[in-house]
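Right, one structure below, let's go through it.
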Amino acid sequence: MRRRDEILRTAAELFASDGYTNTSMREVAAASGILAGSLYHHFESKEAIAVELVEAYHADLVRVVREFGSVPADPLPALRAYAQAIAAVSFRHTAALQISQFDAPTTASSSLKTVVHAEPASVDRLWRTLISGASAAGEIKDGVDLRILRYVLPPDDRERRPALGMADTIGDAGRRGVHHPP
């Protein structure tokens, strides 16, 4: 493994466990077994590391969309499979997910915010297509707010549940009904 990749992996572990804002370049260097000054030969800033992590996350999301291919005839299993694949990518990229959802919106500079907000449109498009297909097939209860269906996971279960459990939660929520407050 290249040294740069080792530093990225180490930084990702620290960002995921301690938070992006709570992790210093000195800590990344120490955990990587190099001097802080040497770290700057590989990355110009902590933000440059975060940008690479988020870009890799987005690239994996796009790969999932490409591998998914055409929308199958049976929409609910397709929705579960897609949810499982997205969950697996999210679990592999915990640091990037944390930066995107929690750290960047409040603390990042404009360049990191730009990368974070550039989540691939194809990911959302496929979510909407699958949810609409499941709804049209009668797999989702009438009155469910389809705009929020993909966000219905209970907050305390997001990190503990395996990817399949998360996919089942999305499918179950659609059948039970998730209503947007008036």
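Residue numbers start at 1 in each chain; chains themselves are named A, B, ... in the order of the structure tokens; ligands are numbered from 1 in the order shown.
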
Note to self: Env of A:Asp103: 10 Å cut, atoms = only C-alpha atoms, seq-sep filter 3 positions within chain, self excluded. Answer as a list in words.
What the structure shows: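 Final neighbour list, sorted by chain and number: Phe15, Gly19, Tyr20, Thr21, Asn22, Ala95, Ala96, Leu97, Gln98, Ile99, Ser100, Thr106, Thr107, Ala108 and Lys113 of chain A.
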
Please produce a file of those selected residues containing all heavy atoms, as an mmCIF file, in the first residue's frame.
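Written out: result25.cif:
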```
data_model
loop_
_atom_site.group_PDB
_atom_site.id
_atom_site.type_symbol
_atom_site.label_atom_id
_atom_site.label_comp_id
_atom_site.auth_asym_id
_atom_site.auth_seq_id
_atom_site.Cartn_x
_atom_site.Cartn_y
_atom_site.Cartn_z
ATOM 1 N N PHE A 15 -11.104 10.483 11.610
ATOM 2 C CA PHE A 15 -12.273 11.334 11.350
ATOM 3 C C PHE A 15 -13.555 10.613 11.757
ATOM 4 O O PHE A 15 -14.468 11.220 12.319
ATOM 5 C CB PHE A 15 -12.367 11.733 9.885
ATOM 6 C CG PHE A 15 -11.261 12.633 9.377
ATOM 7 C CD1 PHE A 15 -11.099 12.845 8.018
ATOM 8 C CD2 PHE A 15 -10.378 13.266 10.239
ATOM 9 C CE1 PHE A 15 -10.115 13.666 7.528
ATOM 10 C CE2 PHE A 15 -9.369 14.095 9.754
ATOM 11 C CZ PHE A 15 -9.230 14.299 8.390
ATOM 12 N N GLY A 19 -14.190 12.570 14.804
ATOM 13 C CA GLY A 19 -14.786 13.688 14.086
ATOM 14 C C GLY A 19 -13.742 14.468 13.313
ATOM 15 O O GLY A 19 -12.586 14.573 13.736
ATOM 16 N N TYR A 20 -14.155 14.979 12.193
ATOM 17 C CA TYR A 20 -13.264 15.764 11.334
ATOM 18 C C TYR A 20 -12.755 17.007 12.073
ATOM 19 O O TYR A 20 -11.562 17.275 12.086
ATOM 20 C CB TYR A 20 -14.008 16.147 10.052
ATOM 21 C CG TYR A 20 -13.282 17.125 9.173
ATOM 22 C CD1 TYR A 20 -12.185 16.724 8.420
ATOM 23 C CD2 TYR A 20 -13.693 18.456 9.083
ATOM 24 C CE1 TYR A 20 -11.513 17.619 7.603
ATOM 25 C CE2 TYR A 20 -13.037 19.350 8.267
ATOM 26 C CZ TYR A 20 -11.942 18.942 7.530
ATOM 27 O OH TYR A 20 -11.279 19.826 6.725
ATOM 28 N N THR A 21 -13.657 17.734 12.680
ATOM 29 C CA THR A 21 -13.257 18.979 13.344
ATOM 30 C C THR A 21 -12.392 18.736 14.578
ATOM 31 O O THR A 21 -11.588 19.594 14.937
ATOM 32 C CB THR A 21 -14.489 19.819 13.746
ATOM 33 O OG1 THR A 21 -15.334 19.029 14.570
ATOM 34 C CG2 THR A 21 -15.259 20.281 12.531
ATOM 35 N N ASN A 22 -12.521 17.585 15.202
ATOM 36 C CA ASN A 22 -11.748 17.287 16.411
ATOM 37 C C ASN A 22 -10.412 16.615 16.133
ATOM 38 O O ASN A 22 -9.676 16.314 17.070
ATOM 39 C CB ASN A 22 -12.562 16.389 17.348
ATOM 40 C CG ASN A 22 -13.787 17.087 17.872
ATOM 41 O OD1 ASN A 22 -13.798 18.293 18.039
ATOM 42 N ND2 ASN A 22 -14.833 16.316 18.114
ATOM 43 N N ALA A 95 -16.157 7.904 7.441
ATOM 44 C CA ALA A 95 -15.588 9.244 7.637
ATOM 45 C C ALA A 95 -16.178 10.234 6.642
ATOM 46 O O ALA A 95 -16.569 11.343 7.025
ATOM 47 C CB ALA A 95 -14.075 9.202 7.505
ATOM 48 N N ALA A 96 -16.256 9.847 5.379
ATOM 49 C CA ALA A 96 -16.804 10.746 4.359
ATOM 50 C C ALA A 96 -18.271 11.035 4.634
ATOM 51 O O ALA A 96 -18.734 12.172 4.462
ATOM 52 C CB ALA A 96 -16.631 10.140 2.975
ATOM 53 N N LEU A 97 -18.995 10.036 5.070
ATOM 54 C CA LEU A 97 -20.408 10.225 5.407
ATOM 55 C C LEU A 97 -20.549 11.193 6.584
ATOM 56 O O LEU A 97 -21.368 12.107 6.568
ATOM 57 C CB LEU A 97 -21.048 8.879 5.730
ATOM 58 C CG LEU A 97 -22.542 8.887 5.987
ATOM 59 C CD1 LEU A 97 -23.304 9.346 4.752
ATOM 60 C CD2 LEU A 97 -23.010 7.491 6.386
ATOM 61 N N GLN A 98 -19.709 11.016 7.587
ATOM 62 C CA GLN A 98 -19.743 11.903 8.750
ATOM 63 C C GLN A 98 -19.373 13.326 8.356
ATOM 64 O O GLN A 98 -20.020 14.289 8.783
ATOM 65 C CB GLN A 98 -18.795 11.397 9.835
ATOM 66 C CG GLN A 98 -18.798 12.272 11.077
ATOM 67 C CD GLN A 98 -18.061 11.641 12.224
ATOM 68 O OE1 GLN A 98 -18.081 10.433 12.382
ATOM 69 N NE2 GLN A 98 -17.414 12.451 13.028
ATOM 70 N N ILE A 99 -18.346 13.470 7.532
ATOM 71 C CA ILE A 99 -17.952 14.805 7.075
ATOM 72 C C ILE A 99 -19.105 15.442 6.302
ATOM 73 O O ILE A 99 -19.457 16.600 6.527
ATOM 74 C CB ILE A 99 -16.684 14.727 6.188
ATOM 75 C CG1 ILE A 99 -15.472 14.354 7.035
ATOM 76 C CG2 ILE A 99 -16.449 16.046 5.457
ATOM 77 C CD1 ILE A 99 -14.257 13.928 6.234
ATOM 78 N N SER A 100 -19.707 14.678 5.419
ATOM 79 C CA SER A 100 -20.784 15.198 4.574
ATOM 80 C C SER A 100 -22.024 15.581 5.370
ATOM 81 O O SER A 100 -22.641 16.606 5.107
ATOM 82 C CB SER A 100 -21.187 14.147 3.534
ATOM 83 O OG SER A 100 -20.109 13.835 2.702
ATOM 84 N N THR A 106 -21.350 22.678 8.772
ATOM 85 C CA THR A 106 -21.183 23.740 9.764
ATOM 86 C C THR A 106 -19.777 24.305 9.835
ATOM 87 O O THR A 106 -19.600 25.435 10.269
ATOM 88 C CB THR A 106 -21.557 23.220 11.169
ATOM 89 O OG1 THR A 106 -20.733 22.093 11.485
ATOM 90 C CG2 THR A 106 -23.014 22.833 11.241
ATOM 91 N N THR A 107 -18.763 23.548 9.432
ATOM 92 C CA THR A 107 -17.400 24.006 9.675
ATOM 93 C C THR A 107 -16.512 24.108 8.441
ATOM 94 O O THR A 107 -15.441 24.681 8.535
ATOM 95 C CB THR A 107 -16.687 23.051 10.657
ATOM 96 O OG1 THR A 107 -16.602 21.758 10.060
ATOM 97 C CG2 THR A 107 -17.412 22.985 11.982
ATOM 98 N N ALA A 108 -16.897 23.565 7.343
ATOM 99 C CA ALA A 108 -15.997 23.475 6.189
ATOM 100 C C ALA A 108 -15.918 24.784 5.412
ATOM 101 O O ALA A 108 -16.825 25.607 5.434
ATOM 102 C CB ALA A 108 -16.460 22.365 5.256
ATOM 103 N N LYS A 113 -17.328 22.239 1.098
ATOM 104 C CA LYS A 113 -18.790 22.253 0.983
ATOM 105 C C LYS A 113 -19.222 21.964 -0.443
ATOM 106 O O LYS A 113 -20.209 21.262 -0.665
ATOM 107 C CB LYS A 113 -19.359 23.593 1.449
ATOM 108 C CG LYS A 113 -19.360 23.762 2.951
ATOM 109 C CD LYS A 113 -19.972 25.079 3.344
ATOM 110 C CE LYS A 113 -19.921 25.249 4.858
ATOM 111 N NZ LYS A 113 -20.499 26.508 5.290
#
```

Next item on the list: Please provide the set of residues having any atom within 12 Å of stretch 124-129 of chain A, restricted to only C-alpha atoms, with same-chain residues fewer than 3 positions apart removed, written as a VMD selection string.
Entry: chain A and resid 58 61 to 62 64 to 72 75 to 76 78 to 83 85 to 86 118 to 121 132 to 136 145 to 151 170

Next item on the list: Give me the residues within 12 Å of A:Thr23 as a list in words, counting only C-alpha atoms and dropping any in the same chain fewer than 4 places off.
Entry: Thr10, Ala11, Ala12, Glu13, Leu14, Phe15, Ala16, Ser17, Asp18, Gly19, Glu27, Val28, Ala29, Ala30, Ala31, Lys46, Glu47, Ile49, Ala50, Ala95, Ile99 and Asp103 of chain A

I need the chosen residues saved as a compact mmCIF listing (two decimals), in the first residue's frame, with all heavy atoms.
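part36.txt written:
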```txt
# COMPACT_ATOMS: atom_id res chain seq x y z
N THR A 10 -5.72 6.07 7.59
CA THR A 10 -5.56 6.47 8.99
C THR A 10 -6.39 7.70 9.31
O THR A 10 -7.08 7.76 10.34
CB THR A 10 -4.07 6.74 9.30
OG1 THR A 10 -3.32 5.54 9.05
CG2 THR A 10 -3.87 7.18 10.74
N ALA A 11 -6.36 8.69 8.43
CA ALA A 11 -7.15 9.90 8.63
C ALA A 11 -8.64 9.55 8.66
O ALA A 11 -9.39 10.07 9.49
CB ALA A 11 -6.86 10.92 7.54
N ALA A 12 -9.07 8.66 7.76
CA ALA A 12 -10.48 8.26 7.73
C ALA A 12 -10.89 7.62 9.05
O ALA A 12 -11.97 7.90 9.58
CB ALA A 12 -10.73 7.29 6.57
N GLU A 13 -10.03 6.77 9.60
CA GLU A 13 -10.34 6.14 10.88
C GLU A 13 -10.46 7.19 11.99
O GLU A 13 -11.38 7.12 12.82
CB GLU A 13 -9.25 5.12 11.23
CG GLU A 13 -9.28 3.88 10.35
CD GLU A 13 -8.06 2.98 10.54
OE1 GLU A 13 -7.18 3.30 11.38
OE2 GLU A 13 -7.97 1.96 9.83
N LEU A 14 -9.55 8.15 11.99
CA LEU A 14 -9.60 9.20 13.02
C LEU A 14 -10.82 10.10 12.84
O LEU A 14 -11.49 10.44 13.81
CB LEU A 14 -8.32 10.04 12.98
CG LEU A 14 -7.06 9.35 13.49
CD1 LEU A 14 -5.82 10.20 13.20
CD2 LEU A 14 -7.17 9.08 14.99
N PHE A 15 -11.10 10.48 11.61
CA PHE A 15 -12.27 11.33 11.35
C PHE A 15 -13.56 10.61 11.76
O PHE A 15 -14.47 11.22 12.32
CB PHE A 15 -12.37 11.73 9.89
CG PHE A 15 -11.26 12.63 9.38
CD1 PHE A 15 -11.10 12.84 8.02
CD2 PHE A 15 -10.38 13.27 10.24
CE1 PHE A 15 -10.11 13.67 7.53
CE2 PHE A 15 -9.37 14.10 9.75
CZ PHE A 15 -9.23 14.30 8.39
N ALA A 16 -13.62 9.32 11.48
CA ALA A 16 -14.82 8.55 11.82
C ALA A 16 -14.97 8.39 13.33
O ALA A 16 -16.08 8.45 13.85
CB ALA A 16 -14.78 7.18 11.15
N SER A 17 -13.87 8.20 14.03
CA SER A 17 -13.97 7.96 15.48
C SER A 17 -14.02 9.25 16.29
O SER A 17 -14.76 9.34 17.28
CB SER A 17 -12.82 7.08 15.96
OG SER A 17 -11.58 7.76 15.82
N ASP A 18 -13.24 10.26 15.90
CA ASP A 18 -13.13 11.47 16.70
C ASP A 18 -13.83 12.68 16.07
O ASP A 18 -13.97 13.70 16.73
CB ASP A 18 -11.65 11.83 16.91
CG ASP A 18 -10.90 10.73 17.64
OD1 ASP A 18 -11.55 9.89 18.30
OD2 ASP A 18 -9.65 10.70 17.53
N GLY A 19 -14.19 12.57 14.80
CA GLY A 19 -14.79 13.69 14.09
C GLY A 19 -13.74 14.47 13.31
O GLY A 19 -12.59 14.57 13.74
N GLU A 27 -2.31 14.87 14.78
CA GLU A 27 -2.82 13.55 15.18
C GLU A 27 -2.80 12.56 14.02
O GLU A 27 -2.48 11.39 14.19
CB GLU A 27 -4.24 13.68 15.75
CG GLU A 27 -4.29 14.38 17.08
CD GLU A 27 -5.69 14.78 17.51
OE1 GLU A 27 -6.51 15.16 16.65
OE2 GLU A 27 -5.95 14.70 18.72
N VAL A 28 -3.15 13.05 12.84
CA VAL A 28 -3.10 12.19 11.65
C VAL A 28 -1.66 11.75 11.40
O VAL A 28 -1.40 10.56 11.13
CB VAL A 28 -3.68 12.91 10.40
CG1 VAL A 28 -3.43 12.09 9.14
CG2 VAL A 28 -5.17 13.18 10.58
N ALA A 29 -0.73 12.67 11.50
CA ALA A 29 0.68 12.34 11.29
C ALA A 29 1.16 11.32 12.32
O ALA A 29 1.79 10.31 11.97
CB ALA A 29 1.53 13.60 11.36
N ALA A 30 0.87 11.57 13.59
CA ALA A 30 1.31 10.65 14.65
C ALA A 30 0.72 9.26 14.45
O ALA A 30 1.44 8.25 14.56
CB ALA A 30 0.92 11.20 16.02
N ALA A 31 -0.55 9.19 14.14
CA ALA A 31 -1.19 7.88 13.93
C ALA A 31 -0.66 7.20 12.68
O ALA A 31 -0.69 5.97 12.57
CB ALA A 31 -2.71 8.05 13.84
N LYS A 46 -5.70 19.42 5.97
CA LYS A 46 -6.69 18.44 6.44
C LYS A 46 -7.88 18.43 5.49
O LYS A 46 -8.45 17.38 5.21
CB LYS A 46 -7.11 18.79 7.87
CG LYS A 46 -8.11 17.82 8.46
CD LYS A 46 -8.34 18.07 9.94
CE LYS A 46 -9.26 19.20 10.19
NZ LYS A 46 -9.76 19.26 11.58
N GLU A 47 -8.24 19.59 5.00
CA GLU A 47 -9.35 19.67 4.06
C GLU A 47 -9.07 18.89 2.78
O GLU A 47 -9.96 18.26 2.21
CB GLU A 47 -9.66 21.12 3.73
CG GLU A 47 -10.88 21.25 2.86
CD GLU A 47 -11.36 22.66 2.75
OE1 GLU A 47 -11.92 23.18 3.72
OE2 GLU A 47 -11.14 23.26 1.68
N ILE A 49 -7.41 16.18 2.54
CA ILE A 49 -7.67 14.78 2.89
C ILE A 49 -9.17 14.53 2.86
O ILE A 49 -9.64 13.55 2.27
CB ILE A 49 -7.09 14.43 4.28
CG1 ILE A 49 -5.56 14.52 4.27
CG2 ILE A 49 -7.55 13.04 4.72
CD1 ILE A 49 -4.92 14.40 5.63
N ALA A 50 -9.93 15.42 3.48
CA ALA A 50 -11.39 15.27 3.53
C ALA A 50 -11.98 15.27 2.12
O ALA A 50 -12.87 14.46 1.81
CB ALA A 50 -12.01 16.38 4.36
N ALA A 95 -16.16 7.90 7.44
CA ALA A 95 -15.59 9.24 7.64
C ALA A 95 -16.18 10.23 6.64
O ALA A 95 -16.57 11.34 7.02
CB ALA A 95 -14.07 9.20 7.50
N ILE A 99 -18.35 13.47 7.53
CA ILE A 99 -17.95 14.81 7.08
C ILE A 99 -19.11 15.44 6.30
O ILE A 99 -19.46 16.60 6.53
CB ILE A 99 -16.68 14.73 6.19
CG1 ILE A 99 -15.47 14.35 7.04
CG2 ILE A 99 -16.45 16.05 5.46
CD1 ILE A 99 -14.26 13.93 6.23
N ASP A 103 -20.07 17.35 9.78
CA ASP A 103 -19.00 18.31 9.94
C ASP A 103 -19.00 19.41 8.88
O ASP A 103 -18.95 20.59 9.20
CB ASP A 103 -17.63 17.61 9.93
CG ASP A 103 -17.44 16.72 11.14
OD1 ASP A 103 -17.93 17.09 12.22
OD2 ASP A 103 -16.80 15.67 11.01
```
